Amino acid sequence: MKVLITGAGALLGQGLIRAVRASSLRAHIVAVDPNPLSAGLYWADSAHLVPMASEAGYLEAVRALLLAEKPDAVLVGTDVELAFFAQHRAAFEREFNTRIVVSNPRVVAIADDKWLTYEFLKHAGFHFPDSALPGDEAALIQRVGFPLVVKPRHGARSIGVSVVHSPEELSAVLAQGKDLIVQECLGTLADEYTSGLVCFDGHCQASITMRRDLRDGNTYRAFPMPDFAHDAELRKIVEAIGAHGPINLQFRLVKDIVKIFEINGRFSGTTPLRGLVGFREVEMVLRHLLHNEPVVQPAVTTDVILRYWMETVVPAGRILQDTQ
């Protein structure tokens with residue numbers, strides 16, 4: 001099979017390349033990214049430069065790539081491309097006979113906006129951190145007190161996140177930012193979990209939960225939790241949202257209650273880590289979509305995962321040149 005993976009310069013895109021390489025699939029990988037110095041471009045069997053997803057020429061560039069490379073499947077490796085591929089999924093699949101691994105625009109929109117995530121969880125009857133938009137924070141303070149967390153509604157990897165301990169700190173942070181959400185501060189760093197789930201046709205067919213330690217907003221130590229006591233609840237959440245393929249839930253466990261604070265409507269940065277302990281979700285998804293194989297819950301080990309840096313060396317003459 002041929003698999004096109006976007007975001008070869010992003011943690012997620014690079015993780016998807018690694019996950020496909022580590023699978024039993026005999027896959028030709030096509031990697032794309034706007035930056036010729038993205039390491040993932042040089043791990044692939046073929047690579048291309050594309051415009052930024054926000055640029056006017058992005059649609060034409062993607063159409064040209066799908067026509068030229070004829071991939072069997074497309075894996076989306078950055079958040080900024082999700083809405084684009086969700087919008088065009090049906091048309092691309094018909095025109096280019098490919099499978100775009102992305103949920104529908106509603107799921108992508110809810111996952112991209114922490115206020116919409118809060119509203120979805122609230123209306124669906126699940127647990128969440130109590131939240132407010134700027135201007136309504138006084139009522140939130142009355143309900144939960146301090147500390148509070150202030151974060152961008154659209155953001156990832158803890159960028160722009162502040163913990164405030166007084167009304168003065170809160171006012172100062174809100175005055176400096178825009179498009180923010182204020183939330184109850186949940187538990188401790190030791191209570192942080194991430195779950196990867198695979199859903200098709202309204203049914204969650206496989207899941208894994210790991211406790212995690214964070215560094216710079218990313219998982220750098222992971223502790224798999226086979227037979228996690230709250231797996232059934234997590235599966236109900238992703239079935240309620242209507243995910244197609246991979247989805248990621250991030251939460252803290254507070255007095256044995258799952259409180260979801262982030263939903264990622266996609267594979268996540270811990271996808272290659274989950275594969276190391278037996279949960280090969282990229283392979284599961286591709287085999288299901290391309291070969292109609294059933295998704296089966298795999299056995300997961302309890303091996304501790306320790307993340308580390310490594311390097312890619314590229315001869316200067318091999319660096320891709322932008323010919324657009």
# chains A, B, ... in the order shown; residues from 1 in each chain; ligands from 1
>>> residues_around(residues="region 308-316 of chain A", least_positions_apart="2", cutoff="12 Å", atoms="only C-alpha atoms", output="PyMOL selection string")
chain A and resi 11+14+36-43+215+218-221+273+305-306+318-321
>>> write_last_selection(atoms="C-alpha atoms", output="PDB file, in the first residue's frame")
ATOM      1  CA  LEU A  11       5.817  15.412  16.471  1.00  0.00           C
ATOM      2  CA  GLN A  14       6.869  11.966  12.585  1.00  0.00           C
ATOM      3  CA  PRO A  36      12.576  21.309   3.653  1.00  0.00           C
ATOM      4  CA  LEU A  37      14.428  20.904   6.974  1.00  0.00           C
ATOM      5  CA  SER A  38      11.736  18.657   8.463  1.00  0.00           C
ATOM      6  CA  ALA A  39      13.392  15.410   9.543  1.00  0.00           C
ATOM      7  CA  GLY A  40      10.428  13.203   8.659  1.00  0.00           C
ATOM      8  CA  LEU A  41      10.784  14.042   4.974  1.00  0.00           C
ATOM      9  CA  TYR A  42      14.012  12.038   4.935  1.00  0.00           C
ATOM     10  CA  TRP A  43      12.562   8.960   6.615  1.00  0.00           C
ATOM     11  CA  ARG A 215       7.616  17.802  29.726  1.00  0.00           C
ATOM     12  CA  ASN A 218       4.395  16.448  25.596  1.00  0.00           C
ATOM     13  CA  THR A 219       4.421  12.944  27.064  1.00  0.00           C
ATOM     14  CA  TYR A 220       7.955  11.914  27.950  1.00  0.00           C
ATOM     15  CA  ARG A 221       7.238   8.987  30.293  1.00  0.00           C
ATOM     16  CA  LEU A 273       4.507   4.937  22.110  1.00  0.00           C
ATOM     17  CA  ILE A 305       8.075   3.905  28.092  1.00  0.00           C
ATOM     18  CA  LEU A 306      10.880   6.469  28.442  1.00  0.00           C
ATOM     19  CA  ARG A 318      19.581  15.753  -0.490  1.00  0.00           C
ATOM     20  CA  ILE A 319      17.745  18.671   1.083  1.00  0.00           C
ATOM     21  CA  LEU A 320      14.536  19.268  -0.849  1.00  0.00           C
ATOM     22  CA  GLN A 321      14.242  22.464  -2.853  1.00  0.00           C
TER      23      GLN A 321
END
>>> residues_around(residues="Lys114 (chain A)", least_positions_apart="3", cutoff="10 Å", atoms="only C-alpha atoms", output="list in words")
Ala109, Ile110, Ala111, Thr117, Tyr118, Glu119, Phe120, Ser131, Lys151, Pro152, Arg153, His154, Gly155, Leu180, Ile181, Val182, Gln183, Phe261, Glu262 and Ile263 of chain A
>>> closest_residue(among="A:Ser103, A:Asn35, A:Ser46, A:Thr209", to="Val258 (chain A)", atoms="only C-alpha atoms")
A:Thr209
>>> residues_around(residues="Leu12 (chain A)", least_positions_apart="4", cutoff="8 Å", atoms="only C-alpha atoms", output="VMD selection string")
chain A and resid 7 16 77 to 78 267 to 269 271
>>> residues_around(residues="Arg26 (chain A)", least_positions_apart="6", cutoff="9 Å", atoms="only C-alpha atoms", output="PyMOL selection string")
chain A and resi 1-2+20
>>> write_last_selection(atoms="C-alpha atoms", output="tab-separated table (two decimals), in the first residue's frame")
chain	number	residue	atom	x	y	z
A	1	MET	CA	0.00	0.00	0.00
A	2	LYS	CA	0.99	3.63	-0.35
A	20	VAL	CA	3.85	2.76	9.86
>>> residues_around(residues="Ala83 (chain A)", least_positions_apart="6", cutoff="9 Å", atoms="only C-alpha atoms", output="MDAnalysis selection string")
chainID A and resid 102 104:105 108:109
>>> residues_around(residues="region 224-237 of chain A", least_positions_apart="2", cutoff="7 Å", atoms="only C-alpha atoms", output="PDB file with C-alpha atoms, in the first residue's frame")
ATOM      1  CA  CYS A 204     -15.443   2.093  19.815  1.00  0.00           C
ATOM      2  CA  THR A 209      -5.031   4.230  28.571  1.00  0.00           C
ATOM      3  CA  MET A 210      -1.651   5.327  29.883  1.00  0.00           C
ATOM      4  CA  ARG A 211      -0.708   7.422  32.881  1.00  0.00           C
ATOM      5  CA  ALA A 222       4.252   6.685  29.851  1.00  0.00           C
ATOM      6  CA  GLU A 239     -19.068   6.998  20.669  1.00  0.00           C
ATOM      7  CA  ALA A 240     -21.181   9.977  21.762  1.00  0.00           C
ATOM      8  CA  ILE A 241     -19.018  12.438  19.863  1.00  0.00           C
ATOM      9  CA  VAL A 300      -1.274  -4.487  26.048  1.00  0.00           C
ATOM     10  CA  THR A 302       2.798  -2.904  31.215  1.00  0.00           C
ATOM     11  CA  ASP A 303       6.268  -1.906  29.959  1.00  0.00           C
TER      12      ASP A 303
END
>>> select_by_dssp(residues="region 96-169 of chain A", states="helix (DSSP H, G or I)", output="JSON, numbers by chain")
{"A": [96, 105, 106, 107, 108, 109, 110, 111, 112, 114, 115, 116, 117, 118, 119, 120, 121, 122, 123, 124, 137, 138, 139, 140, 141, 142, 143, 144, 167, 168, 169]}
>>> select_by_dssp(residues="region 67-185 of chain A", states="strand (DSSP E or B)", output="list in words")
Ala73, Val74, Leu75, Arg99, Ile100, Val101, Ser131, Ala132, Leu148, Val149, Val150, Lys151, Pro152, Ser162, Val163, Val164, Leu180, Ile181, Val182, Gln183 and Glu184 of chain A
>>> closest_residue(among="A:Val295, A:Leu197, A:Leu170, A:Val164", to="Glu137 (chain A)", atoms="only C-alpha atoms")
A:Leu170
